[in-house]
Amino acid sequence: MSKPTAAFIGLGVMGYPMAGHLAAAGYPMRVYNRTASKAEAWVAEHGGEAFASPGEAAAGAELVFMCVGNDDDVRSVSLGDGGVLGGMRAGGVLVDNTTVSAEVTREVAAAARARGIGFVDAPVSGGQAGAENGQLTIMAGGDSADYERVAPLFECFGRFSRLMGPVGAGQLTKMVNQICIAGVVQGLSEGIDFAQRVGLDADAVVDVISKGAAQSWQMENRAHTMARDEFEFGFAVQWMRKDLDITLRTGRAHKARLPLTALVDQFYADVQALGGNRWDTSSLIARLRD
């Protein structure tokens, strides 16, 4: 059977390789990016067709994916002039892989439903490397029928996906993910800095403790580079602060106490003050240096 045509809106550090995996799996692709030259470069590498607006890209697609920056970007590419929902046909499914608030997710989902279009919020975890290697984790919210239609495409760029509940549940799960990461990275930063200050070989320490209860993804993938103050890769501090702002606002609305998350958010502000806006989130250790 022929595969359905898909559109991908947003070809940044995450969207570019995610869309590439869909093309490699044989899905006919239509793409849009705000910087047109990036869309043209993607087509030159992967095939498919680039369009001048999100709506034009979506017009010929059954399944449409978005991976942009923030709430305002999602509103713009989906609801604005020339937006996705103005181009999609009834019966399609719109997937938002952006990490945004549950509020904007429900807003766009309601607008999609009014046009007979399904909607799945599906933020991802795994960073740029996960996107490039097709190893992302996808946490989804929406109707089960819509999820089942897009789940095979998730397999192209992810190692695991799960429907967590109705629309918005994917975004709420991503907030839990960011809460946990914030605490782990701060603890890892303090541990590595402590090891170095007391005269231990940080790499050797990590090799030992990563075999025990202290083990984490952050330790396995970032500890050695943290010890060398290398932060020029991965998920940027500015985007982590965007995510933590969403999380903290949601926490306040639901009376959830997040003292450690709020503290680490301020630590990331310190990193930004050091010039680390685009450093990887593991750069929390930088604020502990002399």
# chains A, B, ... in the order shown; residues from 1 in each chain; ligands from 1
>>> select_by_dssp(residues="range 7-256 of chain A", states="strand (DSSP E or B)", output="VMD selection string")
chain A and resid 7 to 9 29 to 32 49 to 50 63 to 66 93 to 96 118 to 121 124 to 125 136 to 142 158 to 163 236
>>> residues_around(residues="range 256-258 of chain A", least_positions_apart="3", cutoff="12 Å", atoms="only C-alpha atoms", output="VMD selection string")
chain A and resid 175 to 176 178 to 180 182 to 183 244 to 245 247 to 253 261 to 265
>>> closest_residue(among="A:Gly20, A:Asp81, A:Arg89, A:Glu190", to="Ala58 in chain A", atoms="only C-alpha atoms")
A:Arg89
>>> closest_residue(among="A:Arg159, A:Lys255, A:Arg222, A:Lys242", to="Leu284 in chain A", atoms="only C-alpha atoms")
A:Arg222
>>> select_by_dssp(residues="range 22-159 of chain A", states="helix (DSSP H, G or I)", output="MDAnalysis selection string")
chainID A and resid 22:24 36:46 54:59 71:79 84:87 102:114 127:133 144:157
>>> atom_distance(atom1="CA of Arg287 in chain A", atom2="CA of Ser189 in chain A")
9.3 Å
>>> residues_around(residues="Gly170 in chain A", least_positions_apart="5", cutoff="7 Å", atoms="only C-alpha atoms", output="VMD selection string")
chain A and resid 121 to 123 139 to 141 164
>>> atom_distance(atom1="CA of Thr225 in chain A", atom2="CA of Thr98 in chain A")
27.1 Å
>>> closest_atom_pairs(of="range 51-159 of chain A", to="range 25-47 of chain A", cutoff="8 Å", atoms="only C-alpha atoms", output="CSV")
residue,atom,partner,partner_atom,distance
A:Phe51,CA,A:Tyr32,CA,5.5
A:Ala52,CA,A:Tyr32,CA,6.7
A:Ser53,CA,A:Tyr32,CA,6.4
A:Pro54,CA,A:Tyr32,CA,5.8
A:Ala57,CA,A:Arg30,CA,5.4
A:Ala58,CA,A:Arg30,CA,7.4
A:Gly60,CA,A:Arg30,CA,7.8
A:Ala61,CA,A:Arg30,CA,7.4
A:Cys156,CA,A:Ala25,CA,6.7
>>> write_last_selection(atoms="all heavy atoms", output="compact mmCIF listing (two decimals), in the first residue's frame")
# COMPACT_ATOMS: atom_id res chain seq x y z
N PHE A 51 7.26 24.66 0.29
CA PHE A 51 6.18 25.59 0.01
C PHE A 51 6.40 26.91 0.74
O PHE A 51 7.16 26.99 1.71
CB PHE A 51 4.84 24.97 0.41
CG PHE A 51 4.46 23.80 -0.45
CD1 PHE A 51 4.93 22.52 -0.16
CD2 PHE A 51 3.67 23.97 -1.58
CE1 PHE A 51 4.61 21.44 -0.96
CE2 PHE A 51 3.35 22.89 -2.39
CZ PHE A 51 3.81 21.62 -2.08
N ALA A 52 5.68 27.93 0.28
CA ALA A 52 5.89 29.29 0.77
C ALA A 52 5.12 29.59 2.04
O ALA A 52 5.36 30.62 2.67
CB ALA A 52 5.51 30.30 -0.32
N SER A 53 4.17 28.74 2.42
CA SER A 53 3.40 28.97 3.65
C SER A 53 3.05 27.63 4.28
O SER A 53 3.00 26.59 3.59
CB SER A 53 2.12 29.75 3.36
OG SER A 53 1.16 28.93 2.71
N PRO A 54 2.77 27.62 5.59
CA PRO A 54 2.34 26.37 6.23
C PRO A 54 1.07 25.80 5.60
O PRO A 54 0.94 24.59 5.43
CB PRO A 54 2.11 26.79 7.69
CG PRO A 54 2.93 28.00 7.88
CD PRO A 54 2.91 28.72 6.56
N ALA A 57 1.78 23.98 2.34
CA ALA A 57 2.42 22.68 2.60
C ALA A 57 1.40 21.67 3.09
O ALA A 57 1.43 20.49 2.71
CB ALA A 57 3.55 22.84 3.62
N ALA A 58 0.47 22.12 3.94
CA ALA A 58 -0.51 21.21 4.53
C ALA A 58 -1.62 20.82 3.57
O ALA A 58 -2.27 19.79 3.76
CB ALA A 58 -1.12 21.86 5.77
N GLY A 60 -1.84 19.54 0.67
CA GLY A 60 -1.79 18.26 -0.02
C GLY A 60 -1.39 17.10 0.85
O GLY A 60 -1.00 16.05 0.34
N ALA A 61 -1.51 17.27 2.17
CA ALA A 61 -1.05 16.24 3.10
C ALA A 61 -2.20 15.72 3.96
O ALA A 61 -3.08 16.47 4.38
CB ALA A 61 0.05 16.78 4.00
N CYS A 156 9.39 6.21 12.94
CA CYS A 156 10.47 6.58 12.02
C CYS A 156 11.54 7.43 12.70
O CYS A 156 12.71 7.35 12.33
CB CYS A 156 9.90 7.36 10.83
SG CYS A 156 8.72 6.41 9.84
>>> atom_distance(atom1="CA of Leu153 in chain A", atom2="CA of Ala6 in chain A")
9.4 Å
>>> closest_residue(among="A:Ala7, A:Ala269, A:Met66, A:Ala90", to="Ala114 in chain A", atoms="only C-alpha atoms")
A:Ala90
>>> residues_around(residues="Glu132 in chain A", least_positions_apart="4", cutoff="12 Å", atoms="only C-alpha atoms", output="ChimeraX atom specification")
/A:12-22,126-128,136,156-158,234
>>> write_last_selection(atoms="C-alpha atoms", output="mmCIF file, in the first residue's frame")
data_model
loop_
_atom_site.group_PDB
_atom_site.id
_atom_site.type_symbol
_atom_site.label_atom_id
_atom_site.label_comp_id
_atom_site.auth_asym_id
_atom_site.auth_seq_id
_atom_site.Cartn_x
_atom_site.Cartn_y
_atom_site.Cartn_z
ATOM 1 C CA GLY A 12 15.085 23.514 12.937
ATOM 2 C CA VAL A 13 17.632 21.387 14.770
ATOM 3 C CA MET A 14 14.878 18.928 15.692
ATOM 4 C CA GLY A 15 12.461 19.149 12.786
ATOM 5 C CA TYR A 16 15.053 18.885 10.026
ATOM 6 C CA PRO A 17 16.221 15.355 10.959
ATOM 7 C CA MET A 18 12.736 14.243 12.082
ATOM 8 C CA ALA A 19 11.314 15.114 8.671
ATOM 9 C CA GLY A 20 14.327 13.434 7.097
ATOM 10 C CA HIS A 21 13.507 10.145 8.819
ATOM 11 C CA LEU A 22 9.950 10.310 7.464
ATOM 12 C CA GLY A 126 16.126 13.120 23.410
ATOM 13 C CA GLY A 127 17.551 16.340 22.045
ATOM 14 C CA GLN A 128 19.281 16.962 18.757
ATOM 15 C CA LEU A 136 13.406 10.210 20.394
ATOM 16 C CA CYS A 156 10.467 6.580 12.016
ATOM 17 C CA PHE A 157 12.119 9.112 14.344
ATOM 18 C CA GLY A 158 11.469 7.653 17.786
ATOM 19 C CA GLY A 234 22.406 19.439 22.634
#
>>> closest_residue(among="A:Asp270, A:Asp193, A:Glu49, A:Glu220", to="Asp290 in chain A", atoms="only C-alpha atoms")
A:Asp193
>>> closest_residue(among="A:Val184, A:Arg75, A:Ala286, A:Pro259", to="Met226 in chain A", atoms="only C-alpha atoms")
A:Ala286
>>> residues_around(residues="range 203-205 of chain A", least_positions_apart="6", cutoff="8 Å", atoms="only C-alpha atoms", output="number ranges by chain")
A: 195, 223-224, 227
>>> write_last_selection(atoms="N, CA and C atoms", output="short mmCIF file (atom, residue, chain, number, x, y, z; two decimals), in the first residue's frame")
data_model
loop_
_atom_site.label_atom_id
_atom_site.label_comp_id
_atom_site.auth_asym_id
_atom_site.auth_seq_id
_atom_site.Cartn_x
_atom_site.Cartn_y
_atom_site.Cartn_z
N ALA A 195 33.95 16.52 42.88
CA ALA A 195 35.00 15.53 42.61
C ALA A 195 36.29 16.21 42.17
N ALA A 223 28.20 13.75 31.41
CA ALA A 223 29.13 13.96 32.53
C ALA A 223 30.56 14.22 32.07
N HIS A 224 31.06 13.45 31.12
CA HIS A 224 32.46 13.60 30.71
C HIS A 224 32.70 14.95 30.04
N ALA A 227 32.72 17.76 32.67
CA ALA A 227 33.99 17.85 33.38
C ALA A 227 35.02 18.65 32.60
#
>>> residues_around(residues="Leu85 in chain A", least_positions_apart="2", cutoff="8 Å", atoms="only C-alpha atoms", output="PDB file with C-alpha atoms, in the first residue's frame")
ATOM      1  CA  GLY A  55      -1.129  26.215   4.692  1.00  0.00           C
ATOM      2  CA  ALA A  58      -0.512  21.210   4.532  1.00  0.00           C
ATOM      3  CA  SER A  78      -1.542  26.743  12.697  1.00  0.00           C
ATOM      4  CA  LEU A  79      -4.125  29.503  13.184  1.00  0.00           C
ATOM      5  CA  GLY A  83      -1.694  28.642   8.547  1.00  0.00           C
ATOM      6  CA  GLY A  87      -4.955  24.443   4.217  1.00  0.00           C
ATOM      7  CA  MET A  88      -5.681  20.999   5.666  1.00  0.00           C
ATOM      8  CA  ALA A 111      -9.839  24.793  16.166  1.00  0.00           C
ATOM      9  CA  ALA A 112      -8.796  21.582  14.393  1.00  0.00           C
ATOM     10  CA  ARG A 115     -12.720  21.788  10.873  1.00  0.00           C
TER      11      ARG A 115
END
>>> residues_around(residues="range 142-145 of chain A", least_positions_apart="3", cutoff="6 Å", atoms="only C-alpha atoms", output="list in words")
Val120, Glu148, Pro166 and Val167 of chain A
>>> write_last_selection(atoms="N, CA and C atoms", output="PDB file, in the first residue's frame")
ATOM      1  N   VAL A 120      -3.077  15.656  17.665  1.00  0.00           N
ATOM      2  CA  VAL A 120      -2.280  14.936  18.663  1.00  0.00           C
ATOM      3  C   VAL A 120      -1.145  15.848  19.107  1.00  0.00           C
ATOM      4  N   GLU A 148      -3.354   6.330  16.728  1.00  0.00           N
ATOM      5  CA  GLU A 148      -3.033   5.115  15.982  1.00  0.00           C
ATOM      6  C   GLU A 148      -2.684   5.429  14.533  1.00  0.00           C
ATOM      7  N   PRO A 166      -5.909  12.377  27.051  1.00  0.00           N
ATOM      8  CA  PRO A 166      -6.525  13.277  26.078  1.00  0.00           C
ATOM      9  C   PRO A 166      -5.585  14.409  25.678  1.00  0.00           C
ATOM     10  N   VAL A 167      -6.043  15.245  24.764  1.00  0.00           N
ATOM     11  CA  VAL A 167      -5.243  16.382  24.305  1.00  0.00           C
ATOM     12  C   VAL A 167      -4.697  17.165  25.496  1.00  0.00           C
TER      13      VAL A 167
END
